Structures are given as structure tokens and as C-alpha cells.
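Colleague: Got a structure for you, coords27.cif, holding mmCIF, C-alpha atoms and all ligand atoms.
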data_entry
#
loop_
_atom_site.label_atom_id
_atom_site.label_comp_id
_atom_site.auth_asym_id
_atom_site.auth_seq_id
_atom_site.Cartn_x
_atom_site.Cartn_y
_atom_site.Cartn_z
CA LYS X 167 89.09 82.61 28.33
CA ASP X 168 87.46 79.96 30.49
CA ILE X 169 88.06 77.31 27.88
CA LYS X 170 91.70 78.24 27.62
CA GLU X 171 92.20 78.00 31.36
CA GLU X 172 90.49 74.68 31.49
CA LYS X 173 92.79 73.36 28.79
CA LEU X 174 95.83 74.58 30.66
CA SER X 175 94.76 73.00 33.91
CA GLY X 176 93.79 69.69 32.32
CA ARG X 177 96.33 66.91 32.17
CA GLU X 178 96.88 64.64 29.23
CA PHE X 179 97.32 60.90 29.59
CA VAL X 180 98.05 58.05 27.26
CA PHE X 181 96.75 54.77 28.59
CA LYS X 182 97.33 51.36 27.13
CA ILE X 183 94.37 49.16 27.94
CA CYS X 184 94.19 45.43 27.31
CA ILE X 185 90.84 43.80 26.69
CA ILE X 186 91.04 40.14 27.56
CA GLY X 187 88.75 37.13 27.70
CA GLU X 188 87.68 34.09 25.70
CA GLY X 189 86.81 34.22 22.01
CA SER X 190 83.38 35.62 21.23
CA VAL X 191 82.67 37.24 24.63
CA GLY X 192 82.41 40.62 22.86
CA LYS X 193 85.85 42.23 23.23
CA THR X 194 85.96 43.64 19.70
CA SER X 195 82.31 44.69 19.96
CA LEU X 196 82.95 46.62 23.19
CA VAL X 197 85.84 48.50 21.62
CA LYS X 198 83.78 49.20 18.51
CA GLN X 199 80.79 50.41 20.52
CA PHE X 200 82.99 52.66 22.65
CA SER X 201 85.08 54.14 19.86
CA GLN X 202 82.54 54.27 17.02
CA SER X 203 79.12 53.75 18.66
CA MET X 204 78.67 50.80 16.34
CA PHE X 205 77.57 47.19 16.70
CA GLU X 206 77.85 44.35 14.19
CA SER X 207 76.00 41.10 14.79
CA GLU X 208 78.08 39.14 12.31
CA TYR X 209 81.04 37.54 14.07
CA LYS X 210 84.47 38.12 12.59
CA SER X 211 87.23 36.53 14.59
CA THR X 212 89.99 38.98 15.47
CA ILE X 213 93.33 38.02 13.99
CA GLY X 214 96.27 38.66 16.28
CA VAL X 215 95.83 42.01 17.92
CA SER X 216 94.05 45.14 16.86
CA ILE X 217 94.96 48.48 18.36
CA ILE X 218 92.39 51.24 18.33
CA LYS X 219 92.98 54.75 19.56
CA ASN X 220 90.38 56.96 21.09
CA ASP X 221 90.52 60.37 22.76
CA TYR X 222 88.32 60.88 25.72
CA GLY X 223 87.74 63.55 28.36
CA VAL X 224 87.65 62.54 32.03
CA ASP X 225 87.02 65.37 34.52
CA GLY X 226 88.85 68.00 32.47
CA ASP X 227 91.72 65.63 31.74
CA GLN X 228 92.32 64.31 28.27
CA VAL X 229 92.70 60.56 28.10
CA ASN X 230 94.18 58.92 25.07
CA PHE X 231 93.12 55.30 25.03
CA GLN X 232 95.15 52.72 23.21
CA MET X 233 92.88 49.74 23.28
CA TRP X 234 94.58 46.43 22.61
CA ASP X 235 92.07 43.86 21.52
CA ILE X 236 93.51 40.35 21.47
CA ALA X 237 92.27 37.31 19.58
CA GLY X 238 90.73 35.01 22.20
CA GLN X 239 90.84 31.55 20.72
CA GLU X 240 94.41 31.28 19.64
CA LYS X 241 95.79 32.98 22.71
CA TRP X 242 98.85 33.84 20.63
CA VAL X 243 101.09 32.18 23.14
CA LYS X 244 104.45 33.37 21.88
CA MET X 245 103.47 36.98 21.32
CA ARG X 246 101.56 37.52 24.53
CA HIS X 247 104.26 39.43 26.36
CA LEU X 248 104.19 42.09 23.64
CA TYR X 249 100.47 42.39 23.98
CA TYR X 250 100.62 42.99 27.73
CA LYS X 251 103.82 45.04 27.81
CA GLY X 252 103.35 48.39 29.51
CA ALA X 253 99.58 48.07 29.96
CA HIS X 254 98.10 50.54 32.43
CA GLY X 255 94.82 48.73 32.93
CA ALA X 256 92.66 45.88 31.74
CA LEU X 257 89.06 45.06 31.00
CA ILE X 258 88.47 41.40 31.85
CA VAL X 259 85.46 40.28 29.87
CA GLY X 260 83.03 37.41 30.36
CA ASP X 261 79.84 36.47 28.49
CA VAL X 262 76.75 36.28 30.70
CA THR X 263 75.33 33.51 28.51
CA ARG X 264 78.37 31.23 28.83
CA GLU X 265 79.52 30.26 32.30
CA ASN X 266 82.80 28.76 31.14
CA THR X 267 83.98 32.15 29.88
CA PHE X 268 84.15 33.23 33.54
CA GLU X 269 85.88 30.01 34.53
CA GLN X 270 88.50 30.80 31.88
CA LEU X 271 89.04 34.28 33.34
CA LYS X 272 89.98 32.70 36.64
CA GLU X 273 92.00 29.81 35.20
CA PHE X 274 93.80 31.50 32.37
CA TRP X 275 93.31 35.19 31.63
CA ASN X 276 93.74 36.66 35.08
CA PRO X 277 96.87 34.61 35.88
CA ASP X 278 98.20 35.60 32.46
CA LEU X 279 97.59 39.28 33.15
CA ARG X 280 99.24 39.05 36.55
CA GLN X 281 102.26 37.26 35.16
CA PHE X 282 102.96 39.96 32.59
CA CYS X 283 101.63 43.11 34.29
CA GLY X 284 101.54 42.45 38.02
CA GLU X 285 98.62 44.14 39.77
CA ILE X 286 97.27 46.87 37.53
CA PRO X 287 93.80 48.44 37.67
CA LYS X 288 91.27 46.07 36.19
CA ILE X 289 87.53 45.84 35.82
CA LEU X 290 85.36 42.77 35.41
CA VAL X 291 83.04 43.32 32.46
CA VAL X 292 79.98 41.08 32.31
CA ASN X 293 78.88 41.47 28.70
CA LYS X 294 75.76 40.59 26.68
CA VAL X 295 73.29 41.57 29.40
CA ASP X 296 70.70 42.17 26.66
CA LEU X 297 70.48 38.35 26.43
CA HIS X 298 69.17 35.84 28.96
CA PRO X 299 71.82 35.31 31.67
CA ILE X 300 72.79 31.82 32.77
CA ILE X 301 75.24 32.92 35.46
CA SER X 302 73.99 34.32 38.77
CA ASN X 303 75.08 37.57 40.42
CA ASN X 304 76.33 35.51 43.33
CA GLU X 305 78.65 33.50 41.10
CA ILE X 306 79.88 36.71 39.52
CA ASP X 307 80.61 38.24 42.95
CA ASN X 308 82.57 35.13 43.92
CA LEU X 309 84.61 35.28 40.78
CA ALA X 310 85.30 39.01 41.17
CA HIS X 311 86.62 38.26 44.64
CA LYS X 312 88.81 35.39 43.40
CA ILE X 313 90.43 37.45 40.67
CA ASN X 314 90.80 40.43 42.99
CA VAL X 315 88.68 43.02 41.19
CA ASP X 316 86.71 45.69 43.04
CA THR X 317 84.50 46.82 40.20
CA THR X 318 82.12 44.75 38.11
CA ILE X 319 80.23 46.43 35.28
CA PHE X 320 77.34 44.81 33.38
CA THR X 321 77.42 45.81 29.73
CA SER X 322 75.79 45.26 26.39
CA ALA X 323 77.99 46.00 23.42
CA LYS X 324 74.83 45.53 21.38
CA ASN X 325 72.71 48.33 22.84
CA GLY X 326 75.62 50.25 24.35
CA LYS X 327 74.56 49.87 27.97
CA ASN X 328 77.37 50.83 30.39
CA VAL X 329 80.06 50.45 27.71
CA GLU X 330 81.31 54.00 28.09
CA LYS X 331 81.04 53.65 31.86
CA ALA X 332 83.40 50.66 31.86
CA PHE X 333 86.12 52.50 29.94
CA ARG X 334 85.63 55.68 31.95
CA LYS X 335 85.82 53.88 35.30
CA LEU X 336 88.99 52.11 34.25
CA ALA X 337 90.56 55.43 33.22
CA GLU X 338 89.59 56.94 36.58
CA ASP X 339 91.07 53.98 38.45
CA ILE X 340 94.31 54.30 36.50
CA ILE X 341 94.54 58.04 37.21
CA VAL X 342 93.93 57.44 40.93
CA SER X 343 96.53 54.64 41.06
CA LYS X 344 99.27 56.84 39.56
P1 LIG G 401 85.44 38.77 20.65
O1 LIG G 401 85.84 37.47 20.02
O2 LIG G 401 85.54 38.71 22.15
O3 LIG G 401 86.14 39.95 20.08
O4 LIG G 401 83.86 38.93 20.38
P2 LIG G 401 83.11 39.84 19.30
O5 LIG G 401 83.11 41.26 19.70
O6 LIG G 401 83.63 39.53 17.94
O7 LIG G 401 81.61 39.31 19.47
C1 LIG G 401 81.28 37.93 19.30
C2 LIG G 401 79.82 37.80 18.90
O8 LIG G 401 78.97 38.21 19.96
C3 LIG G 401 79.45 38.67 17.69
O9 LIG G 401 78.52 37.96 16.91
C4 LIG G 401 78.81 39.89 18.31
O10 LIG G 401 77.88 40.48 17.46
C5 LIG G 401 78.14 39.29 19.55
N1 LIG G 401 78.07 40.24 20.69
C6 LIG G 401 79.07 40.95 21.24
N2 LIG G 401 78.65 41.68 22.26
C7 LIG G 401 77.32 41.44 22.39
C8 LIG G 401 76.31 41.91 23.29
O11 LIG G 401 76.52 42.72 24.20
N3 LIG G 401 75.04 41.42 23.09
C9 LIG G 401 74.75 40.54 22.10
N4 LIG G 401 73.49 40.13 21.99
N5 LIG G 401 75.68 40.07 21.25
C10 LIG G 401 76.95 40.51 21.39
MG MG G 402 87.69 39.97 18.69
#
For the file at hand, write its structure as C-alpha cells.
Ligand code: GDP
Ligand code: MG

Modeller:
Amino acid sequence: KDIKEEKLSGREFVFKICIIGEGSVGKTSLVKQFSQSMFESEYKSTIGVSIIKNDYGVDGDQVNFQMWDIAGQEKWVKMRHLYYKGAHGALIVGDVTRENTFEQLKEFWNPDLRQFCGEIPKILVVNKVDLHPIISNNEIDNLAHKINVDTTIFTSAKNGKNVEKAFRKLAEDIIVSK
């Protein structure tokens, strides 16, 4: 009986989430770790866009994630509007071992997101924290401020640290913003 009532009271959402950032920061790995609890150390460049679906419970609500994972290097200039269209939230990903990946978030990815989506909930994901960082927390705070994000989450797609937390927090922010 309790289960039934909980199901009735729970809402169901479908959220389109874009995962953006330079090539090789770990976008595909984050999605893979979140959806399949898997990590591959061999790098396979993503071609175009891959869309992965995942069901997830947040506080009694059912969240249906559609995770859009873009290819970083090519930037797929002409198709970008399709990629961003209707996105509810974004994970903006940098690689803690490569400072320029954060520079690129400020110079390219965040302006791109704003152009196509306006201000939608977004989280700064600082990935590869299992490796030696070359960027300081201070620099990361400055960047977060410049790109107007409130939440920064330090992740490792390799060992899974905070990966689920990043997706969950984004879902919560989207629900609150609705
Ligand atoms: P994408 O181009 O942003 O999709 O990046 P990938 O997910 O393909 O990852 C690029 C490379 O970095 C691959 O060799 C991954 O195995 C590696 N990688 C991704 N995330 C992590 C991480 O958190 N820690 C470590 N050590 N390596 C990672
Ligand atoms: Mg990829």
C-alpha cells in the first residue's frame, strides 16, 4: 500500500541534459560511469552526439535523463543548435590536469550554451580529481563566478567519485527552477 501511494504522489520528469566541454575532459566517461557504473581508460573520440537515457529517482520523483554527449574537438558548428535545443540543464566539464580546458569553458562553451539555451541550470564539473591537479581552487572559484554557476562539483569518472552527485544536483536544480 505504501509503495503504491508513494508512486502516486511522485512526479515524473524527462530532462534533457547537455554535457559540454573540450575534447577528452571526460564527458563520455562521466555519462558512462553514471549510467553503467563503468570506466574505460582507452580513449575513443565521440562522433557527433550520443544520447543515453537513464531513469533515476530523486526524492520520490522519477527523473528520466536524456544525456546529450557532444563531440568536443569538432564542435559540430552547423548542428549545434539541434544539440542544445530544449535542454533543461547542463554539465559544464573541465579537466583538472589541463588549465586550458577551463579557459575554453569561459571563451567558448558557456557563451555557446547561453546563446542557444539562455540561462538554464548548470553545474561546473571539475573532472579527473584522481590525478594531480594543475589548477587551483581559487582559479576554479573565479571561473565559476565568471560563467555564473553556483555549484562546482569535483568528480572522478575513473573511480566514480561524486559522479552521481553531479547528475542528482543538476536534476534537483532543474526541478526547483520549474
Ligand atoms: P570526452 O572527449 O570529453 O568525452 O572524454 P572521454 O570520456 O572520452 O575521456 C577522455 C580520456 O580521459 C579517456 O582516456 C578516459 O579514460 C580519461 N578519463 C576520463 N575521465 C577520467 C577521470 O576522472 N580520471 C582519469 N584518470 N581519467 C579519466
Ligand atoms: Mg566523448

Colleague: CA of Lys251 (chain X) to CA of Ser343 (chain X): how many Å, to one decimal?

Modeller: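 Calculated distance between CA of Lys251 (chain X) and CA of Ser343 (chain X) is 17.9 Å.
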
Colleague: Write as number ranges by chain the residues around ligand MG 402 (chain G), taking 6 Å as the cut-off and counting all atoms listed in the file.

Modeller: X: 193-194, 211-212, 237

Colleague: Residues of region 178-211 of chain X that approach region 294-317 of chain X to 12 Å or less, counting only C-alpha atoms: could you list each one with the shortest pair of atoms and its distance in Å to one decimal, rows by chain and increasing residue number, as a Markdown table?

Modeller:
| residue | atom | partner | partner_atom | distance |
| --- | --- | --- | --- | --- |
| X:Ser190 | CA | X:Lys294 | CA | 10.6 |
| X:Val191 | CA | X:Lys294 | CA | 7.9 |
| X:Gly192 | CA | X:Lys294 | CA | 7.7 |
| X:Lys193 | CA | X:Lys294 | CA | 10.8 |
| X:Ser195 | CA | X:Lys294 | CA | 10.2 |
| X:Leu196 | CA | X:Lys294 | CA | 10.0 |
| X:Ser207 | CA | X:Lys294 | CA | 11.9 |

Colleague: Out of X:Val292, X:Leu336, X:Ala256, X:Asp278, which residue has the shortest atom-to-atom distance to Ala323 (chain X) when counting all atoms listed in the file?

Modeller: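 Checking each of X:Val292, X:Leu336, X:Ala256, X:Asp278 against Ala323 (chain X), counting all atoms listed in the file, the winner is X:Val292.
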
Colleague: Would you compute the box with edges along x, y and z of the file around region 309-312 of chain X, including every atom the file lists for it and 5 Å extra on each side, and give its centre and edge lengths in Å to one decimal, as JSON?

Modeller:
{"center_x": 86.7, "center_y": 37.1, "center_z": 42.7, "size_x": 14.2, "size_y": 13.7, "size_z": 13.9}

Colleague: Quick one: distance from CA of Gln270 (chain X) to CA of Phe181 (chain X) in Å, one decimal?

Modeller: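 The value is 25.6 Å.
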
Colleague: Interatomic distance between CA of Lys219 (chain X) and CA of Glu178 (chain X)?

Modeller: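 One can read the CA of Lys219 (chain X) to CA of Glu178 (chain X) distance as 14.4 Å.
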
Colleague: Do a neighbour search on Thr267 (chain X) at 9 Å with all atoms listed in the file, toss out local chain neighbours closer than 6 positions, and write the hits as JSON, numbers by chain.

Modeller: {"X": [187, 188, 189, 191, 259, 260, 261]}

Colleague: Using all atoms listed in the file, can you tell me which of X:Tyr222, X:Lys210, X:Trp234, X:Ser201 comes closest to Lys182 (chain X)?

Modeller: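 Closest residue, counting all atoms listed in the file: X:Trp234.
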
Colleague: Please, could N, CA, C and O atoms be added to region 306-320 of chain X and the result written as a PDB file, in the frame of the given file?

Modeller:
ATOM      1  N   ILE X 306      79.040  35.636  40.038  1.00  0.00           N
ATOM      2  CA  ILE X 306      79.880  36.710  39.520  1.00  0.00           C
ATOM      3  C   ILE X 306      80.638  37.406  40.652  1.00  0.00           C
ATOM      4  O   ILE X 306      81.839  37.680  40.541  1.00  0.00           O
ATOM      5  N   ASP X 307      79.953  37.637  41.777  1.00  0.00           N
ATOM      6  CA  ASP X 307      80.610  38.240  42.950  1.00  0.00           C
ATOM      7  C   ASP X 307      81.763  37.369  43.437  1.00  0.00           C
ATOM      8  O   ASP X 307      82.839  37.874  43.762  1.00  0.00           O
ATOM      9  N   ASN X 308      81.511  36.055  43.491  1.00  0.00           N
ATOM     10  CA  ASN X 308      82.570  35.130  43.920  1.00  0.00           C
ATOM     11  C   ASN X 308      83.781  35.200  43.018  1.00  0.00           C
ATOM     12  O   ASN X 308      84.922  35.238  43.479  1.00  0.00           O
ATOM     13  N   LEU X 309      83.504  35.224  41.724  1.00  0.00           N
ATOM     14  CA  LEU X 309      84.610  35.280  40.780  1.00  0.00           C
ATOM     15  C   LEU X 309      85.385  36.586  40.918  1.00  0.00           C
ATOM     16  O   LEU X 309      86.615  36.587  40.941  1.00  0.00           O
ATOM     17  N   ALA X 310      84.657  37.692  41.035  1.00  0.00           N
ATOM     18  CA  ALA X 310      85.300  39.010  41.170  1.00  0.00           C
ATOM     19  C   ALA X 310      86.260  38.984  42.354  1.00  0.00           C
ATOM     20  O   ALA X 310      87.389  39.484  42.274  1.00  0.00           O
ATOM     21  N   HIS X 311      85.795  38.369  43.437  1.00  0.00           N
ATOM     22  CA  HIS X 311      86.620  38.260  44.640  1.00  0.00           C
ATOM     23  C   HIS X 311      87.874  37.431  44.351  1.00  0.00           C
ATOM     24  O   HIS X 311      88.988  37.817  44.715  1.00  0.00           O
ATOM     25  N   LYS X 312      87.681  36.298  43.669  1.00  0.00           N
ATOM     26  CA  LYS X 312      88.810  35.390  43.400  1.00  0.00           C
ATOM     27  C   LYS X 312      89.863  36.027  42.507  1.00  0.00           C
ATOM     28  O   LYS X 312      91.047  35.752  42.643  1.00  0.00           O
ATOM     29  N   ILE X 313      89.440  36.850  41.564  1.00  0.00           N
ATOM     30  CA  ILE X 313      90.430  37.450  40.670  1.00  0.00           C
ATOM     31  C   ILE X 313      90.817  38.858  41.145  1.00  0.00           C
ATOM     32  O   ILE X 313      91.483  39.605  40.436  1.00  0.00           O
ATOM     33  N   ASN X 314      90.354  39.201  42.345  1.00  0.00           N
ATOM     34  CA  ASN X 314      90.800  40.430  42.990  1.00  0.00           C
ATOM     35  C   ASN X 314      90.403  41.711  42.249  1.00  0.00           C
ATOM     36  O   ASN X 314      91.207  42.619  42.091  1.00  0.00           O
ATOM     37  N   VAL X 315      89.153  41.761  41.774  1.00  0.00           N
ATOM     38  CA  VAL X 315      88.680  43.020  41.190  1.00  0.00           C
ATOM     39  C   VAL X 315      87.614  43.641  42.101  1.00  0.00           C
ATOM     40  O   VAL X 315      86.799  42.945  42.699  1.00  0.00           O
ATOM     41  N   ASP X 316      87.653  44.960  42.189  1.00  0.00           N
ATOM     42  CA  ASP X 316      86.710  45.690  43.040  1.00  0.00           C
ATOM     43  C   ASP X 316      85.461  46.112  42.278  1.00  0.00           C
ATOM     44  O   ASP X 316      84.416  46.336  42.867  1.00  0.00           O
ATOM     45  N   THR X 317      85.615  46.279  40.986  1.00  0.00           N
ATOM     46  CA  THR X 317      84.500  46.820  40.200  1.00  0.00           C
ATOM     47  C   THR X 317      84.040  45.835  39.136  1.00  0.00           C
ATOM     48  O   THR X 317      84.842  45.348  38.339  1.00  0.00           O
ATOM     49  N   THR X 318      82.732  45.565  39.150  1.00  0.00           N
ATOM     50  CA  THR X 318      82.120  44.750  38.110  1.00  0.00           C
ATOM     51  C   THR X 318      81.118  45.626  37.377  1.00  0.00           C
ATOM     52  O   THR X 318      80.311  46.303  38.008  1.00  0.00           O
ATOM     53  N   ILE X 319      81.179  45.619  36.055  1.00  0.00           N
ATOM     54  CA  ILE X 319      80.230  46.430  35.280  1.00  0.00           C
ATOM     55  C   ILE X 319      79.520  45.529  34.271  1.00  0.00           C
ATOM     56  O   ILE X 319      80.151  44.731  33.570  1.00  0.00           O
ATOM     57  N   PHE X 320      78.191  45.632  34.250  1.00  0.00           N
ATOM     58  CA  PHE X 320      77.340  44.810  33.380  1.00  0.00           C
ATOM     59  C   PHE X 320      77.060  45.587  32.105  1.00  0.00           C
ATOM     60  O   PHE X 320      76.460  46.662  32.160  1.00  0.00           O
TER      61      PHE X 320
END
